[in-house]
>>> print(open('run-v4.cif').read())   # mmCIF, C-alpha atoms, pLDDT in the B column; chains and numbers go by the auth columns
data_target
loop_
_atom_site.group_PDB
_atom_site.id
_atom_site.type_symbol
_atom_site.label_atom_id
_atom_site.label_comp_id
_atom_site.label_asym_id
_atom_site.label_seq_id
_atom_site.Cartn_x
_atom_site.Cartn_y
_atom_site.Cartn_z
_atom_site.B_iso_or_equiv
_atom_site.auth_seq_id
_atom_site.auth_asym_id
ATOM 1 C CA MET A 1 109.197 100.376 41.299 56.00 1 A
ATOM 2 C CA LYS A 2 107.916 97.834 43.783 75.00 2 A
ATOM 3 C CA ASN A 3 107.327 94.331 42.525 81.00 3 A
ATOM 4 C CA ARG A 4 103.565 94.172 42.166 85.00 4 A
ATOM 5 C CA ASN A 5 101.597 90.990 42.655 89.00 5 A
ATOM 6 C CA ILE A 6 100.350 90.049 39.183 92.00 6 A
ATOM 7 C CA THR A 7 97.625 87.748 40.567 93.00 7 A
ATOM 8 C CA GLY A 8 96.082 90.627 42.529 93.00 8 A
ATOM 9 C CA ILE A 9 96.137 92.907 39.498 93.00 9 A
ATOM 10 C CA VAL A 10 94.483 90.289 37.268 95.00 10 A
ATOM 11 C CA LEU A 11 91.779 89.596 39.857 95.00 11 A
ATOM 12 C CA ALA A 12 91.177 93.325 40.347 96.00 12 A
ATOM 13 C CA VAL A 13 90.694 93.855 36.607 96.00 13 A
ATOM 14 C CA ILE A 14 88.294 90.901 36.427 97.00 14 A
ATOM 15 C CA TYR A 15 86.423 92.303 39.457 97.00 15 A
ATOM 16 C CA CYS A 16 86.107 95.718 37.772 96.00 16 A
ATOM 17 C CA VAL A 17 84.770 94.291 34.522 96.00 17 A
ATOM 18 C CA VAL A 18 82.276 91.962 36.202 96.00 18 A
ATOM 19 C CA LEU A 19 80.996 94.592 38.646 94.00 19 A
ATOM 20 C CA PHE A 20 80.629 97.138 35.845 93.00 20 A
ATOM 21 C CA GLU A 21 78.572 94.663 33.824 92.00 21 A
ATOM 22 C CA ILE A 22 76.379 93.892 36.836 92.00 22 A
ATOM 23 C CA LEU A 23 75.837 97.555 37.688 90.00 23 A
ATOM 24 C CA THR A 24 75.020 98.654 34.144 89.00 24 A
ATOM 25 C CA ASP A 25 72.651 95.745 33.474 89.00 25 A
ATOM 26 C CA ALA A 26 69.120 97.014 32.945 84.00 26 A
ATOM 27 C CA PRO A 27 66.084 95.937 30.955 84.00 27 A
ATOM 28 C CA PRO A 28 66.136 97.047 27.313 87.00 28 A
ATOM 29 C CA GLY A 29 65.052 100.646 26.887 86.00 29 A
ATOM 30 C CA GLU A 30 65.684 101.643 30.507 87.00 30 A
ATOM 31 C CA ALA A 31 68.659 103.279 32.165 85.00 31 A
ATOM 32 C CA PRO A 32 70.340 101.639 35.170 85.00 32 A
ATOM 33 C CA ASN A 33 68.940 103.069 38.403 86.00 33 A
ATOM 34 C CA ASN A 34 71.782 102.922 40.942 86.00 34 A
ATOM 35 C CA PRO A 35 72.930 105.527 43.472 89.00 35 A
ATOM 36 C CA LEU A 36 76.288 107.145 42.745 88.00 36 A
ATOM 37 C CA TRP A 37 78.038 105.558 45.731 91.00 37 A
ATOM 38 C CA VAL A 38 77.531 102.107 44.189 91.00 38 A
ATOM 39 C CA TYR A 39 79.821 103.027 41.295 90.00 39 A
ATOM 40 C CA ALA A 40 82.535 104.005 43.793 92.00 40 A
ATOM 41 C CA MET A 41 82.767 100.319 44.753 93.00 41 A
ATOM 42 C CA ILE A 42 84.544 99.570 41.466 93.00 42 A
ATOM 43 C CA PRO A 43 87.858 101.375 42.168 94.00 43 A
ATOM 44 C CA LEU A 44 87.664 100.867 45.941 95.00 44 A
ATOM 45 C CA GLY A 45 87.231 97.123 45.516 95.00 45 A
ATOM 46 C CA ALA A 46 90.144 96.990 43.098 96.00 46 A
ATOM 47 C CA VAL A 47 92.391 98.794 45.595 95.00 47 A
ATOM 48 C CA VAL A 48 91.349 96.402 48.366 96.00 48 A
ATOM 49 C CA ILE A 49 92.020 93.317 46.218 95.00 49 A
ATOM 50 C CA ILE A 50 95.448 94.560 45.126 93.00 50 A
ATOM 51 C CA SER A 51 96.355 95.514 48.701 93.00 51 A
ATOM 52 C CA LEU A 52 95.292 92.115 50.011 94.00 52 A
ATOM 53 C CA PHE A 53 97.475 90.295 47.526 92.00 53 A
ATOM 54 C CA ASP A 54 100.440 92.680 47.991 91.00 54 A
ATOM 55 C CA TYR A 55 100.535 92.813 51.789 91.00 55 A
ATOM 56 C CA VAL A 56 98.433 90.016 53.309 92.00 56 A
ATOM 57 C CA ILE A 57 98.307 86.967 51.042 89.00 57 A
ATOM 58 C CA LYS A 58 101.696 87.536 49.321 86.00 58 A
ATOM 59 C CA PHE A 59 101.144 84.621 46.930 84.00 59 A
ATOM 60 C CA ASP A 60 101.663 85.277 43.251 87.00 60 A
ATOM 61 C CA PHE A 61 100.338 82.559 40.995 87.00 61 A
ATOM 62 C CA PHE A 62 102.199 83.970 37.972 86.00 62 A
ATOM 63 C CA LYS A 63 105.606 84.323 39.705 80.00 63 A
ATOM 64 C CA LYS A 64 106.058 81.012 41.507 74.00 64 A
#
>>> encode(input="run-v4.cif", output="structure tokens")
Amino acid sequence: MKNRNITGIVLAVIYCVVLFEILTDAPPGEAPNNPLWVYAMIPLGAVVIISLFDYVIKFDFFKK
């Protein structure tokens, strides 16, 4: 298995959690009113972040 960049994975998980909380935030008693394509940004953004840290930035804060 390829050595994965741990910093990218940690940032991608944080991104997923924060974006999920933002997208599901709604006033009490109401359902969130977002189009379906907005929820596709969660996994796509995670893939972009991991790819950036694996192939472009190549800096791993956890494996100095």
>>> atom_distance(input="run-v4.cif", atom1="CA of Ile42 in chain A", atom2="CA of Cys16 in chain A")
5.6 Å
>>> atom_distance(input="run-v4.cif", atom1="CA of Leu36 in chain A", atom2="CA of Thr24 in chain A")
12.2 Å
>>> atom_distance(input="run-v4.cif", atom1="CA of Val38 in chain A", atom2="CA of Lys58 in chain A")
28.7 Å
>>> resolve_selection(input="run-v4.cif", expression="the PyMOL selection byres ((chain A and resi 15) around 12)", output="ChimeraX atom specification")
/A:8-14,16-23,41-50
>>> write_last_selection(input="run-v4.cif", atoms="C-alpha atoms", output="mmCIF file, in the coordinates of the input")
data_model
loop_
_atom_site.group_PDB
_atom_site.id
_atom_site.type_symbol
_atom_site.label_atom_id
_atom_site.label_comp_id
_atom_site.auth_asym_id
_atom_site.auth_seq_id
_atom_site.Cartn_x
_atom_site.Cartn_y
_atom_site.Cartn_z
ATOM 1 C CA GLY A 8 96.082 90.627 42.529
ATOM 2 C CA ILE A 9 96.137 92.907 39.498
ATOM 3 C CA VAL A 10 94.483 90.289 37.268
ATOM 4 C CA LEU A 11 91.779 89.596 39.857
ATOM 5 C CA ALA A 12 91.177 93.325 40.347
ATOM 6 C CA VAL A 13 90.694 93.855 36.607
ATOM 7 C CA ILE A 14 88.294 90.901 36.427
ATOM 8 C CA CYS A 16 86.107 95.718 37.772
ATOM 9 C CA VAL A 17 84.770 94.291 34.522
ATOM 10 C CA VAL A 18 82.276 91.962 36.202
ATOM 11 C CA LEU A 19 80.996 94.592 38.646
ATOM 12 C CA PHE A 20 80.629 97.138 35.845
ATOM 13 C CA GLU A 21 78.572 94.663 33.824
ATOM 14 C CA ILE A 22 76.379 93.892 36.836
ATOM 15 C CA LEU A 23 75.837 97.555 37.688
ATOM 16 C CA MET A 41 82.767 100.319 44.753
ATOM 17 C CA ILE A 42 84.544 99.570 41.466
ATOM 18 C CA PRO A 43 87.858 101.375 42.168
ATOM 19 C CA LEU A 44 87.664 100.867 45.941
ATOM 20 C CA GLY A 45 87.231 97.123 45.516
ATOM 21 C CA ALA A 46 90.144 96.990 43.098
ATOM 22 C CA VAL A 47 92.391 98.794 45.595
ATOM 23 C CA VAL A 48 91.349 96.402 48.366
ATOM 24 C CA ILE A 49 92.020 93.317 46.218
ATOM 25 C CA ILE A 50 95.448 94.560 45.126
#
>>> resolve_selection(input="run-v4.cif", expression="the PyMOL selection byres ((chain A and resi 62) around 8)", output="PyMOL selection string")
chain A and resi 6-7+60-61+63-64
>>> residues_near_point(input="run-v4.cif", point="(103.7, 96.2, 43.7)", cutoff="9 Å", atoms="only C-alpha atoms", output="number ranges by chain")
A: 1-6, 50-51, 54
>>> axis_aligned_box(input="run-v4.cif", around="range 15-31 of chain A", padding_each_side="8 Å", output="AutoDock Vina command-line options")
--center_x 75.7 --center_y 97.6 --center_z 33.2 --size_x 37.4 --size_y 27.3 --size_z 28.6
